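Enquirer: Quick one: structure below, then a few questions.
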Amino acid sequence: MAELQTRLFDSMLPSPLILASGPRSYGAQGIWAAFEAGAGGVVTKTIRLEPAANPTPHIATTRDPNLRNTLYNSEQWSDLTWRQWVETELPALEGHPGVLIASLGHTAREVDEMVERVVATGVVDIIECVAYSCDDLAGMVRAVKHWTDLPVLAKLTFNWGERLMTVAEEALGAGASGLTAIDSLGPTLRIDIETGRPFHAGGRGKAWMSGAAIKPVSLAIVAELATRFDQPVIGTGGIATAEDVIEMTLVGASAVGACTAPLLRGLEWFGKTAVQVGDWLERHGHSSLVEIRGAALPLLQADDDTGGISFQFDPRNCTLCGQCLVVCAYGARELVGKEARSPELVMRLDEVRCRKCGLCVEVCRPGGLTYADWPRQS
């Protein structure tokens, strides 16, 4: 059976799956439930000096079938006081399995006031710093390191744009032991066309997006972080399936965080997904995630490949759906024949018109149209 135990700093997680900071880690009861369901680690709701006063309602699903397993939220940080966390919630987690990560925000001043009491509970294994401003993150890390030698994660967001990698470098330079990437994207907005009102934030405004729709963004950022910095990265953002976990590991994630999937599907998601990850590893001849971690990174090209490609048409797989013709913006393809999966079918390609964009291959689900030489061998 494939080994799912995962080392993160000096701690051993029974599973690489971590419950990211969010509604299900609202307090000790929710955190215990996540551990009991098989989460290898749990990140608390972000603790601040002042508790949050969230708009109601503040979490919405999307009605768009193309954005399944995606949420919009205008939720803020923990609605419990920091004193309740250090006096009641954290002490109630004594003897927890896996790894407990305390999420602290959002300024160095706040962290400096809270972190000694948080650490003194004796139950926290890692501190995660969460900043609303990219200018605050390194200072928060320094504030934590002043009080404790516990490992520190610096949480990054795509919303910081071109500064993101610089902020990551600054946080690591300030003493961060690793990185979490990424936080939810935003602000975003969806409008109910029948009422003209937003779907979320109590019908009053913009929200932040999490879940499946942001996975391509989080993957790209984790891959770049893993390439640039030799430090652990918790890949978070859009993880919904075992395949997502594998994909995130391939780009270098040391562990994988999820918030939206266990919120929508229940905490059973952790146990089921762990089993599916193990099954995938066994089917592919691997004994652990360590064997595939970062395996995709050498295949990511630094420069665009502008070389030519050639296509291959197999009439036996062609269903005459015509999608390859529909999506060809240049009118370069012609399909001759009237009977699906017939050897007499012919695909003609105007090489002058064709720009080799590859969309025709991507939409051919039956496999009638493929690349003849892809991936090219270096």
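Residue numbers start at 1 in each chain; chains themselves are named A, B, ... in the order of the structure tokens; ligands are numbered from 1 in the order shown.
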Can you pull out every residue from segment 112-220 of chain A that DSSP, working from the backbone, puts in alpha helix (DSSP H), and format the result as a PyMOL selection string?

Expert: chain A and resi 112-120+137-147+164-173+215-220

Enquirer: Select from segment 57-120 of chain A every residue with an atom at most 12 Å from any atom of segment 261-276 of chain A, then for each give the shortest pair of atoms and their distance in Å to one decimal, using only C-alpha atoms, rows by chain and rising number, as JSON lines.

Expert:
{"residue": "A:Ile59", "atom": "CA", "partner": "A:Leu263", "partner_atom": "CA", "distance": 10.9}
{"residue": "A:Ala60", "atom": "CA", "partner": "A:Leu264", "partner_atom": "CA", "distance": 10.9}
{"residue": "A:Thr61", "atom": "CA", "partner": "A:Leu264", "partner_atom": "CA", "distance": 9.3}
{"residue": "A:Arg68", "atom": "CA", "partner": "A:Leu264", "partner_atom": "CA", "distance": 10.6}
{"residue": "A:Asn69", "atom": "CA", "partner": "A:Ala261", "partner_atom": "CA", "distance": 6.9}
{"residue": "A:Thr70", "atom": "CA", "partner": "A:Ala261", "partner_atom": "CA", "distance": 8.6}
{"residue": "A:Leu71", "atom": "CA", "partner": "A:Leu264", "partner_atom": "CA", "distance": 9.1}

Enquirer: Which is closest to Glu170 of chain A among A:Pro16, A:Gly139, A:Pro187, A:Gly307, if we use only C-alpha atoms?

Expert: A:Gly139

Enquirer: Find the residue from A:Ser25, A:Asp112, A:Gly30, A:Ile309 that sits nearest to Trp77 of chain A; use only C-alpha atoms when measuring.

Expert: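 Nearest candidate to Trp77 of chain A out of A:Ser25, A:Asp112, A:Gly30, A:Ile309: A:Ser25.
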
Enquirer: Name the residues in contact with Ser310 of chain A at a cut-off of 8 Å, using only C-alpha atoms, excluding same-chain residues fewer than 2 positions from it; report them as a JSON list (two decimals) with N, CA and C atoms, in the first residue's frame.

Expert:
[["chain", "number", "residue", "atom", "x", "y", "z"],
["A", 308, "GLY", "N", 7.41, 23.78, -35.24],
["A", 308, "GLY", "CA", 6.19, 23.26, -35.87],
["A", 308, "GLY", "C", 5.69, 22.00, -35.22],
["A", 312, "GLN", "N", -2.33, 14.18, -36.51],
["A", 312, "GLN", "CA", -2.64, 12.84, -36.99],
["A", 312, "GLN", "C", -4.14, 12.61, -36.89],
["A", 371, "TYR", "N", -1.97, 14.89, -31.89],
["A", 371, "TYR", "CA", -0.66, 15.32, -32.37],
["A", 371, "TYR", "C", 0.13, 14.10, -32.82],
["A", 372, "ALA", "N", 0.80, 14.23, -33.93],
["A", 372, "ALA", "CA", 1.61, 13.12, -34.42],
["A", 372, "ALA", "C", 2.95, 13.03, -33.70],
["A", 373, "ASP", "N", 3.39, 14.15, -33.12],
["A", 373, "ASP", "CA", 4.73, 14.18, -32.52],
["A", 373, "ASP", "C", 4.72, 14.91, -31.19]]

Enquirer: Can you pull out every residue within 9 Å of segment 346-360 of chain A, counting only C-alpha atoms, but drop anything in the same chain fewer than 4 positions away, and send it as an MDAnalysis selection string?

Expert: chainID A and resid 308:310 313:315 323:328 330:337 364 369:371

Enquirer: Create the file for the chosen residues now, containing N, CA and C atoms and written as a tab-separated table (two decimals), in the first residue's frame.

Expert:
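Result went into part.tsv, see below:
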chain	number	residue	atom	x	y	z
A	308	GLY	N	7.41	23.78	-35.24
A	308	GLY	CA	6.19	23.26	-35.87
A	308	GLY	C	5.69	22.00	-35.22
A	309	ILE	N	4.41	21.73	-35.39
A	309	ILE	CA	3.82	20.48	-34.93
A	309	ILE	C	3.03	19.89	-36.08
A	310	SER	N	2.83	18.60	-36.04
A	310	SER	CA	2.04	17.93	-37.07
A	310	SER	C	0.90	17.17	-36.40
A	313	PHE	N	-4.74	12.13	-37.96
A	313	PHE	CA	-6.18	11.88	-37.99
A	313	PHE	C	-6.44	10.39	-38.10
A	314	ASP	N	-7.26	9.86	-37.19
A	314	ASP	CA	-7.65	8.46	-37.21
A	314	ASP	C	-9.15	8.39	-37.46
A	315	PRO	N	-9.57	8.08	-38.68
A	315	PRO	CA	-11.00	8.08	-39.00
A	315	PRO	C	-11.81	7.09	-38.17
A	323	GLN	N	-16.60	19.36	-34.01
A	323	GLN	CA	-16.06	20.37	-33.10
A	323	GLN	C	-14.73	20.95	-33.59
A	324	CYS	N	-13.91	20.11	-34.19
A	324	CYS	CA	-12.61	20.60	-34.68
A	324	CYS	C	-12.80	21.65	-35.76
A	325	LEU	N	-13.88	21.54	-36.52
A	325	LEU	CA	-14.16	22.53	-37.56
A	325	LEU	C	-14.73	23.80	-36.94
A	326	VAL	N	-15.57	23.65	-35.93
A	326	VAL	CA	-16.21	24.80	-35.30
A	326	VAL	C	-15.18	25.72	-34.66
A	327	VAL	N	-14.19	25.13	-33.97
A	327	VAL	CA	-13.26	25.96	-33.21
A	327	VAL	C	-12.10	26.49	-34.04
A	328	CYS	N	-11.95	26.04	-35.26
A	328	CYS	CA	-10.83	26.53	-36.08
A	328	CYS	C	-11.13	27.94	-36.56
A	330	TYR	N	-9.40	29.87	-38.22
A	330	TYR	CA	-8.76	30.21	-39.50
A	330	TYR	C	-9.35	29.46	-40.68
A	331	GLY	N	-10.36	28.62	-40.42
A	331	GLY	CA	-10.98	27.85	-41.50
A	331	GLY	C	-10.00	26.95	-42.22
A	332	ALA	N	-9.10	26.34	-41.45
A	332	ALA	CA	-8.02	25.56	-42.06
A	332	ALA	C	-8.36	24.09	-42.24
A	333	ARG	N	-9.46	23.63	-41.63
A	333	ARG	CA	-9.77	22.20	-41.70
A	333	ARG	C	-11.03	21.92	-42.52
A	334	GLU	N	-11.01	20.76	-43.15
A	334	GLU	CA	-12.17	20.28	-43.89
A	334	GLU	C	-12.28	18.78	-43.66
A	335	LEU	N	-13.48	18.32	-43.32
A	335	LEU	CA	-13.72	16.90	-43.08
A	335	LEU	C	-14.58	16.35	-44.21
A	336	VAL	N	-14.07	15.36	-44.89
A	336	VAL	CA	-14.76	14.78	-46.04
A	336	VAL	C	-15.23	13.38	-45.68
A	337	GLY	N	-16.54	13.13	-45.82
A	337	GLY	CA	-17.10	11.82	-45.52
A	337	GLY	C	-18.43	11.97	-44.80
A	364	CYS	N	-11.25	17.50	-29.39
A	364	CYS	CA	-11.59	16.20	-29.98
A	364	CYS	C	-11.61	15.13	-28.90
A	369	LEU	N	-8.53	13.18	-33.70
A	369	LEU	CA	-7.48	14.12	-34.08
A	369	LEU	C	-6.50	14.24	-32.93
A	370	THR	N	-5.24	13.93	-33.20
A	370	THR	CA	-4.20	13.98	-32.17
A	370	THR	C	-2.95	14.62	-32.76
A	371	TYR	N	-1.97	14.89	-31.89
A	371	TYR	CA	-0.66	15.32	-32.37
A	371	TYR	C	0.13	14.10	-32.82
